[in-house]
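structure-v4.txt follows (compact mmCIF, C-alpha atoms):
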# COMPACT_ATOMS: atom_id res chain seq x y z
CA MET A 8 56.72 239.87 -72.44
CA SER A 9 54.76 238.69 -75.49
CA GLN A 10 53.76 235.07 -75.96
CA ALA A 11 56.31 232.65 -77.36
CA ARG A 12 56.33 231.93 -81.07
CA LEU A 13 55.21 228.43 -81.99
CA MET A 14 57.75 226.09 -83.60
CA ASP A 15 55.66 224.54 -86.35
CA GLY A 16 56.84 220.96 -86.73
CA THR A 17 53.92 220.05 -88.98
CA GLY A 18 54.80 222.58 -91.68
CA LEU A 19 58.52 221.85 -91.58
CA ALA A 20 57.91 218.09 -91.64
CA ARG A 21 55.72 218.51 -94.71
CA ARG A 22 58.54 220.28 -96.54
CA ILE A 23 61.07 217.65 -95.50
CA VAL A 24 58.79 214.85 -96.76
CA GLU A 25 58.33 216.71 -100.07
CA GLU A 26 62.12 217.00 -100.45
CA THR A 27 62.48 213.34 -99.48
CA ALA A 28 59.95 212.30 -102.12
CA LYS A 29 61.96 214.14 -104.79
CA ARG A 30 65.16 212.41 -103.65
CA ALA A 31 63.42 209.02 -103.68
CA ALA A 32 62.08 209.62 -107.19
CA HIS A 33 65.53 210.69 -108.38
CA LEU A 34 67.10 207.55 -106.92
CA THR A 35 64.50 205.33 -108.56
CA GLU A 36 64.98 207.05 -111.92
CA ARG A 37 68.75 206.58 -111.79
CA THR A 38 68.91 203.04 -110.40
CA GLY A 39 65.49 201.46 -110.88
CA VAL A 40 65.50 200.85 -107.12
CA ALA A 41 62.80 202.25 -104.83
CA PRO A 42 63.86 202.91 -101.22
CA CYS A 43 62.32 200.30 -98.92
CA LEU A 44 61.56 200.59 -95.21
CA ALA A 45 60.79 197.40 -93.30
CA THR A 46 58.69 197.82 -90.16
CA VAL A 47 58.67 195.05 -87.55
CA LEU A 48 55.94 194.86 -84.92
CA VAL A 49 55.72 192.29 -82.13
CA GLY A 50 52.18 191.81 -80.83
CA GLU A 51 49.13 193.97 -81.45
CA ASP A 52 49.44 196.94 -79.11
CA PRO A 53 46.76 199.32 -80.49
CA ALA A 54 48.91 202.45 -80.27
CA SER A 55 51.83 200.69 -81.98
CA VAL A 56 49.58 199.27 -84.72
CA THR A 57 48.22 202.77 -85.41
CA TYR A 58 51.70 204.30 -85.36
CA VAL A 59 53.13 201.73 -87.77
CA ARG A 60 50.19 202.17 -90.14
CA MET A 61 50.73 205.93 -90.11
CA LYS A 62 54.43 205.45 -90.94
CA GLN A 63 53.50 203.13 -93.81
CA ASN A 64 51.09 205.71 -95.24
CA ARG A 65 53.67 208.50 -94.96
CA SER A 66 56.28 206.25 -96.57
CA ARG A 67 54.10 205.66 -99.62
CA LYS A 68 53.51 209.40 -100.02
CA ALA A 69 57.29 209.90 -100.02
CA GLY A 70 57.90 207.27 -102.69
CA ILE A 71 59.25 204.75 -100.19
CA GLU A 72 58.15 201.14 -100.36
CA SER A 73 56.93 199.73 -97.07
CA ARG A 74 57.34 196.12 -96.01
CA HIS A 75 55.59 195.19 -92.79
CA VAL A 76 56.52 192.17 -90.68
CA ALA A 77 53.90 191.38 -88.01
CA LEU A 78 55.05 188.91 -85.36
CA PRO A 79 52.91 187.32 -82.63
CA ALA A 80 53.16 188.64 -79.09
CA ALA A 81 54.73 185.34 -77.96
CA THR A 82 57.73 185.82 -80.29
CA THR A 83 60.98 185.12 -78.45
CA THR A 84 64.08 187.29 -78.46
CA ALA A 85 65.89 184.69 -80.57
CA GLU A 86 63.07 184.59 -83.13
CA LEU A 87 62.97 188.39 -83.34
CA ILE A 88 66.73 188.55 -83.79
CA GLY A 89 66.43 185.99 -86.60
CA THR A 90 63.87 188.19 -88.38
CA LEU A 91 65.98 191.33 -88.00
CA THR A 92 69.15 189.55 -89.11
CA ALA A 93 67.39 188.34 -92.26
CA LEU A 94 66.11 191.83 -93.05
CA SER A 95 69.60 193.24 -92.47
CA ALA A 96 70.97 190.79 -95.05
CA ASP A 97 68.20 191.48 -97.59
CA PRO A 98 69.56 193.83 -100.29
CA THR A 99 66.03 194.98 -101.22
CA VAL A 100 65.50 196.43 -97.73
CA HIS A 101 67.30 199.72 -97.06
CA GLY A 102 65.97 200.70 -93.64
CA ILE A 103 64.60 198.79 -90.65
CA LEU A 104 62.25 200.09 -87.96
CA LEU A 105 61.60 197.89 -84.93
CA GLN A 106 58.52 199.29 -83.20
CA HIS A 107 58.71 199.43 -79.42
CA PRO A 108 57.67 198.60 -76.75
CA MET A 109 57.93 194.90 -77.47
CA GLY A 110 56.90 193.13 -74.29
CA HIS A 111 58.87 192.49 -71.13
CA HIS A 112 59.98 189.01 -72.19
CA ILE A 113 62.06 190.39 -75.06
CA ASP A 114 65.60 191.71 -74.64
CA GLU A 115 65.14 195.01 -76.48
CA ARG A 116 68.82 195.88 -76.60
CA ALA A 117 69.73 192.51 -78.10
CA ALA A 118 66.98 192.96 -80.69
CA PHE A 119 68.10 196.46 -81.64
CA GLU A 120 71.69 195.28 -82.04
CA ALA A 121 70.54 192.74 -84.65
CA ILE A 122 69.82 195.66 -86.99
CA ALA A 123 72.72 196.40 -89.35
CA PRO A 124 74.02 199.94 -88.60
CA GLU A 125 73.73 200.97 -92.25
CA LYS A 126 70.00 200.13 -92.09
CA ASP A 127 69.40 201.59 -88.63
CA VAL A 128 67.31 204.51 -89.91
CA ASP A 129 65.65 204.86 -86.49
CA GLY A 130 69.02 205.42 -84.81
CA VAL A 131 68.60 202.83 -82.04
CA THR A 132 71.82 200.79 -82.16
CA LEU A 133 74.98 201.31 -80.14
CA ALA A 134 76.78 202.10 -83.39
CA SER A 135 74.32 204.91 -84.13
CA PHE A 136 74.63 206.34 -80.62
CA SER A 137 78.40 206.27 -80.90
CA ALA A 138 78.26 208.07 -84.25
CA MET A 139 75.98 210.73 -82.75
CA SER A 140 78.29 211.15 -79.77
CA PHE A 141 81.48 211.43 -81.83
CA GLY A 142 79.99 213.47 -84.68
CA LEU A 143 80.66 210.69 -87.18
CA PRO A 144 78.53 209.70 -90.19
CA GLY A 145 75.54 207.63 -89.19
CA PHE A 146 71.85 207.90 -88.46
CA ALA A 147 70.48 209.99 -85.62
CA SER A 148 67.71 208.78 -83.36
CA CYS A 149 64.69 210.18 -85.17
CA THR A 150 63.16 212.35 -82.48
CA PRO A 151 66.50 213.96 -81.45
CA GLY A 152 67.41 214.42 -85.12
CA GLY A 153 64.04 216.05 -85.73
CA ILE A 154 64.53 218.35 -82.74
CA MET A 155 67.88 219.56 -84.06
CA ARG A 156 66.36 220.23 -87.48
CA LEU A 157 63.57 222.20 -85.82
CA LEU A 158 66.07 224.31 -83.86
CA ASP A 159 67.94 225.04 -87.08
CA GLU A 160 64.73 226.07 -88.84
CA TYR A 161 64.11 228.71 -86.17
CA ASP A 162 67.72 229.90 -86.12
CA VAL A 163 68.42 228.61 -82.63
CA ASP A 164 72.19 228.15 -82.40
CA PRO A 165 72.99 225.94 -79.39
CA ALA A 166 76.63 227.13 -79.24
CA GLY A 167 77.38 228.67 -75.86
CA LYS A 168 73.83 228.08 -74.61
CA ARG A 169 72.90 226.18 -71.45
CA ALA A 170 70.70 223.26 -72.48
CA VAL A 171 68.76 221.17 -69.97
CA VAL A 172 67.43 217.78 -71.09
CA VAL A 173 64.77 216.35 -68.79
CA GLY A 174 64.82 212.62 -69.47
CA ARG A 175 67.54 210.06 -70.12
CA SER A 176 66.05 207.41 -72.40
CA ALA A 177 68.37 205.66 -74.83
CA ILE A 178 66.52 206.89 -77.93
CA LEU A 179 65.54 210.41 -76.87
CA GLY A 180 67.06 212.02 -73.79
CA LYS A 181 70.62 210.72 -74.03
CA PRO A 182 71.10 211.20 -77.79
CA VAL A 183 69.54 214.68 -77.95
CA GLY A 184 71.95 215.74 -75.21
CA MET A 185 74.89 214.41 -77.21
CA LEU A 186 73.70 216.19 -80.37
CA LEU A 187 73.38 219.46 -78.44
CA LEU A 188 76.84 218.93 -76.93
CA GLY A 189 78.20 218.35 -80.44
CA ARG A 190 76.83 221.78 -81.35
CA ASP A 191 78.73 223.39 -78.45
CA ALA A 192 75.89 223.70 -75.94
CA THR A 193 76.62 223.17 -72.25
CA VAL A 194 74.33 220.24 -71.46
CA THR A 195 72.77 219.15 -68.18
CA TYR A 196 70.78 215.93 -67.97
CA CYS A 197 67.95 215.77 -65.44
CA HIS A 198 65.80 212.82 -64.41
CA SER A 199 63.53 211.45 -61.69
CA ARG A 200 66.27 211.71 -59.05
CA THR A 201 67.44 215.23 -59.86
CA ALA A 202 67.36 217.43 -56.78
CA ASP A 203 65.62 220.80 -57.29
CA LEU A 204 64.59 220.09 -60.88
CA SER A 205 62.82 223.44 -61.14
CA GLY A 206 65.97 225.28 -60.11
CA VAL A 207 68.06 223.52 -62.76
CA VAL A 208 65.50 224.14 -65.49
CA ARG A 209 65.34 227.86 -64.61
CA GLU A 210 68.98 228.20 -65.68
CA ALA A 211 68.35 226.79 -69.17
CA ASP A 212 68.44 228.73 -72.41
CA ILE A 213 67.14 225.59 -74.16
CA VAL A 214 64.83 223.10 -72.43
CA VAL A 215 64.10 219.68 -73.93
CA ALA A 216 61.36 217.90 -71.99
CA ALA A 217 61.44 214.16 -72.71
CA VAL A 218 60.43 212.40 -69.52
CA GLY A 219 56.85 211.23 -70.14
CA ARG A 220 55.18 213.00 -67.22
CA PRO A 221 52.30 215.35 -68.10
CA ARG A 222 52.91 219.05 -67.40
CA LEU A 223 55.97 218.32 -65.27
CA ILE A 224 57.66 221.53 -66.43
CA ARG A 225 55.67 224.60 -65.39
CA GLY A 226 55.79 228.14 -66.70
CA GLU A 227 57.44 229.39 -63.52
CA ASP A 228 60.31 226.95 -64.22
CA ILE A 229 61.11 228.61 -67.56
CA LYS A 230 63.79 231.27 -67.85
CA PRO A 231 62.35 234.30 -69.65
CA GLY A 232 63.24 234.06 -73.34
CA ALA A 233 64.19 230.37 -73.23
CA VAL A 234 63.50 227.96 -76.10
CA VAL A 235 61.21 225.12 -74.98
CA VAL A 236 61.04 221.83 -76.90
CA ASP A 237 58.35 219.50 -75.58
CA ALA A 238 59.10 215.96 -76.75
CA GLY A 239 56.63 214.42 -74.30
CA TYR A 240 53.36 212.88 -75.36
CA ASN A 241 50.82 211.80 -72.77
CA PRO A 242 47.16 210.73 -73.02
CA GLY A 243 44.88 213.54 -74.07
CA ASN A 244 47.47 215.27 -76.29
CA ILE A 245 49.28 216.63 -73.23
CA GLY A 246 53.01 217.24 -73.26
CA ASP A 247 55.59 217.24 -70.49
CA VAL A 248 55.41 221.05 -70.35
CA ASP A 249 52.46 223.09 -69.09
CA PHE A 250 52.04 224.81 -72.45
CA ASP A 251 49.87 227.78 -71.52
CA SER A 252 52.01 229.00 -68.64
CA ALA A 253 55.32 228.22 -70.35
CA ARG A 254 54.30 230.15 -73.44
CA GLU A 255 54.06 233.31 -71.34
CA ARG A 256 57.80 233.15 -70.57
CA ALA A 257 59.50 231.32 -73.45
CA SER A 258 60.57 232.92 -76.73
CA LEU A 259 59.94 229.77 -78.80
CA ILE A 260 57.92 226.68 -77.87
CA THR A 261 56.73 223.51 -79.60
CA PRO A 262 53.03 222.64 -79.41
CA VAL A 263 51.75 219.16 -78.55
CA PRO A 264 50.66 217.84 -80.98
CA GLY A 265 52.17 219.47 -84.05
CA GLY A 266 55.69 220.15 -82.82
CA VAL A 267 58.18 217.34 -82.33
CA GLY A 268 55.95 214.41 -83.40
CA PRO A 269 55.74 215.18 -87.14
CA MET A 270 59.50 215.80 -87.21
CA THR A 271 60.18 212.30 -85.92
CA ILE A 272 58.46 210.62 -88.86
CA ALA A 273 59.91 213.08 -91.39
CA THR A 274 63.40 212.31 -90.09
CA LEU A 275 62.75 208.56 -90.36
CA LEU A 276 61.72 208.91 -94.00
CA ALA A 277 64.61 211.20 -94.90
CA GLN A 278 67.10 208.79 -93.31
CA THR A 279 65.55 205.84 -95.15
CA VAL A 280 66.14 207.54 -98.51
CA GLU A 281 69.67 208.47 -97.40
CA ALA A 282 70.31 204.84 -96.46
CA ALA A 283 69.06 203.65 -99.86
CA THR A 284 71.25 206.23 -101.59
CA ARG A 285 74.34 205.04 -99.73
CA GLN A 286 73.57 201.35 -100.28
CA THR A 287 73.04 201.79 -104.02
CA GLY A 288 76.23 203.82 -104.31
CA VAL A 289 74.55 206.82 -105.92
For the structure just supplied, provide its representation as structure tokens.
Amino acid sequence: MSQARLMDGTGLARRIVEETAKRAAHLTERTGVAPCLATVLVGEDPASVTYVRMKQNRSRKAGIESRHVALPAATTTAELIGTLTALSADPTVHGILLQHPMGHHIDERAAFEAIAPEKDVDGVTLASFSAMSFGLPGFASCTPGGIMRLLDEYDVDPAGKRAVVVGRSAILGKPVGMLLLGRDATVTYCHSRTADLSGVVREADIVVAAVGRPRLIRGEDIKPGAVVVDAGYNPGNIGDVDFDSARERASLITPVPGGVGPMTIATLLAQTVEAATRQTGV
């Protein structure tokens, strides 16, 4: 069997951002309003600071204004909720991104729920998860939304396929499973307590690895011809899938980096412009 084709998230993300920039410019021309994304960061975690800065730079390139709110590491849950509530009520802000992790002293769920659903462009609230689960209008969690867009780009129709999601986080594993289910895949969730993980993965036509453990999924675990989406990112640019061995068996596979990561940011920007469009009534 020949090596799997690479699913180029970088190229697709570039096209999505270009389309998003055109939509943002059109909105500004019609209304005089530029889409605005507010980013909120608690503390100074180096990785988070870098990630937020990158999102700000990408926002500017897409014609989206960026407003950054930096809060000290000692910020309480109540103080963070106050900030998010104020941003939710601010008509000049169209999307809100709360960067995580935030520190163990903060109730993350309570903080996320302070974001108004119509501004939840990162898809982290209960309202957004419900919308994803029921196929209702709303904003998808950005990484799962980006994964679905990537599957569409490579003509992967989940209908009737067996999809295995390895990971059950609230903003990645669980929502991507619901999006796949909504597209008529038969979905199995796996996690740290799954018995015979390799055996379950071997049955999958579509594998989404989102567990945060380097090279957990090996080539021998991949069903020949399966589609492999590696949403893991570990130190050293290593994914959750052993790329070299998996590529020998899969038909399509995402690289790390350059696969899922760029799609996450592109989805965030596209949803911010969509939120601004809805809020301005255009």
Atom-to-atom span, atom CA of Asp249 of chain A and atom CA of Gly226 of chain A, Å |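 It comes out at 6.5 Å.
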Show me, as AutoDock Vina command-line options, the centre and edge lengths in Å to one decimal of the axis-aligned box that covers every listed atom of segment 249-262 of chain A with 4 Å on each side.
--center_x 55.2 --center_y 228.0 --center_z -74.1 --size_x 18.7 --size_y 18.7 --size_z 19.0
Hey, what's within 6 Å of segment 212-222 of chain A if we count only C-alpha atoms and toss same-chain stuff fewer than 5 positions away? As a PyMOL selection string, please?
-> chain A and resi 168-174+233-239+246-249
Could the residues in this selection be saved with C-alpha atoms as a PDB file, keeping the file's coordinate frame?
ATOM      1  CA  LYS A 168      73.830 228.080 -74.610  1.00  0.00           C
ATOM      2  CA  ARG A 169      72.900 226.180 -71.450  1.00  0.00           C
ATOM      3  CA  ALA A 170      70.700 223.260 -72.480  1.00  0.00           C
ATOM      4  CA  VAL A 171      68.760 221.170 -69.970  1.00  0.00           C
ATOM      5  CA  VAL A 172      67.430 217.780 -71.090  1.00  0.00           C
ATOM      6  CA  VAL A 173      64.770 216.350 -68.790  1.00  0.00           C
ATOM      7  CA  GLY A 174      64.820 212.620 -69.470  1.00  0.00           C
ATOM      8  CA  ALA A 233      64.190 230.370 -73.230  1.00  0.00           C
ATOM      9  CA  VAL A 234      63.500 227.960 -76.100  1.00  0.00           C
ATOM     10  CA  VAL A 235      61.210 225.120 -74.980  1.00  0.00           C
ATOM     11  CA  VAL A 236      61.040 221.830 -76.900  1.00  0.00           C
ATOM     12  CA  ASP A 237      58.350 219.500 -75.580  1.00  0.00           C
ATOM     13  CA  ALA A 238      59.100 215.960 -76.750  1.00  0.00           C
ATOM     14  CA  GLY A 239      56.630 214.420 -74.300  1.00  0.00           C
ATOM     15  CA  GLY A 246      53.010 217.240 -73.260  1.00  0.00           C
ATOM     16  CA  ASP A 247      55.590 217.240 -70.490  1.00  0.00           C
ATOM     17  CA  VAL A 248      55.410 221.050 -70.350  1.00  0.00           C
ATOM     18  CA  ASP A 249      52.460 223.090 -69.090  1.00  0.00           C
TER      19      ASP A 249
END
Pick out the closest residue to Ala147 of chain A from this set: A:Gln286, A:Thr271, A:Thr82, A:Ser95. Count only C-alpha atoms.
-> A:Thr271
Could you tell me, as a PyMOL selection string, which residues have any atom at most 12 Å from (51.8, 202.3, -88.7), counting all atoms listed in the file?
-> chain A and resi 44-48+51-67+73-77+104-107+272
Which residue, A:Val194, A:Val100, A:Ile245, A:Leu186, has the smallest gap to Pro262 of chain A when you use all atoms listed in the file?
->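 Among A:Val194, A:Val100, A:Ile245, A:Leu186, it is A:Ile245 that comes nearest to Pro262 of chain A.
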Long-range neighbours of Asp191 of chain A as a list in words, 12 Å cut-off, all atoms listed in the file, 6 positions minimum in chain |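 In the requested form, the answer reads Gly142, Asp164, Pro165, Ala166, Gly167, Lys168, Arg169, Ala170, Gly184 and Met185 of chain A.
Every protein or nucleic acid residue with an atom no more than 9 Å from Ser258 of chain A, counting all atoms listed in the file and leaving out same-chain residues fewer than 2 positions away, appears here: A:Ser9, A:Gln10, A:Ala11, A:Arg12, A:Leu13, A:Pro231, A:Gly232, A:Ala233, A:Val234, A:Val235, A:Arg254, A:Glu255, A:Arg256, A:Ile260.
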Proximity to Ala123 of chain A - best of A:Thr27, A:Leu204, A:Leu223, A:Ala282, all atoms listed in the file = A:Ala282
For Gly266 of chain A, which residue out of A:Ala177, A:Ile154, A:Ala93, A:Ala81 is the nearest one, using only C-alpha atoms?
-> A:Ile154
State, in Å with one decimal place, the distance from atom CA of Leu276 of chain A to atom CA of Leu188 of chain A.
-> 24.9 Å
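Relative to atom CA of Ser148 of chain A, atom CA of Leu179 of chain A is found at 7.0 Å.
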Rank nothing, just name the residue among A:Cys149, A:Ala121, A:Ala211, A:Ala257 nearest to Ala96 of chain A, using only C-alpha atoms.
->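 Residue with the minimum atom-to-atom distance to Ala96 of chain A: A:Ala121.
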Nearby residues (all atoms listed in the file) at most 9 Å from Glu26 of chain A, same-chain spacing under 5 positions excluded, as a count of residues only = 4
From the list A:Thr38, A:Thr17, A:Ser135, A:Ser176, which residue is nearest Ala273 of chain A when using all atoms listed in the file?
-> A:Thr17
Could you give me, as a list of chain:residue names, the residues that have an atom at most 8 Å away from the point (59.5, 193.2, -78.5) in the coordinates of the file, using only C-alpha atoms?
-> A:Leu48, A:Val49, A:Gly50, A:Ala80, A:Thr82, A:Thr84, A:Leu87, A:Gln106, A:His107, A:Pro108, A:Met109, A:Gly110, A:His111, A:His112, A:Ile113, A:Asp114, A:Glu115, A:Ala118
Dump of C-alpha atoms for the selected residues, as a JSON list (two decimals), in the frame of the given file:
[["chain", "number", "residue", "atom", "x", "y", "z"],
["A", 48, "LEU", "CA", 55.94, 194.86, -84.92],
["A", 49, "VAL", "CA", 55.72, 192.29, -82.13],
["A", 50, "GLY", "CA", 52.18, 191.81, -80.83],
["A", 80, "ALA", "CA", 53.16, 188.64, -79.09],
["A", 82, "THR", "CA", 57.73, 185.82, -80.29],
["A", 84, "THR", "CA", 64.08, 187.29, -78.46],
["A", 87, "LEU", "CA", 62.97, 188.39, -83.34],
["A", 106, "GLN", "CA", 58.52, 199.29, -83.20],
["A", 107, "HIS", "CA", 58.71, 199.43, -79.42],
["A", 108, "PRO", "CA", 57.67, 198.60, -76.75],
["A", 109, "MET", "CA", 57.93, 194.90, -77.47],
["A", 110, "GLY", "CA", 56.90, 193.13, -74.29],
["A", 111, "HIS", "CA", 58.87, 192.49, -71.13],
["A", 112, "HIS", "CA", 59.98, 189.01, -72.19],
["A", 113, "ILE", "CA", 62.06, 190.39, -75.06],
["A", 114, "ASP", "CA", 65.60, 191.71, -74.64],
["A", 115, "GLU", "CA", 65.14, 195.01, -76.48],
["A", 118, "ALA", "CA", 66.98, 192.96, -80.69]]
All residues 9 Å or closer to Pro42 of chain A, all atoms listed in the file, same chain fewer than 5 positions away omitted, as a ChimeraX atom specification | /A:31,34-35,70-73,99-102,279-284
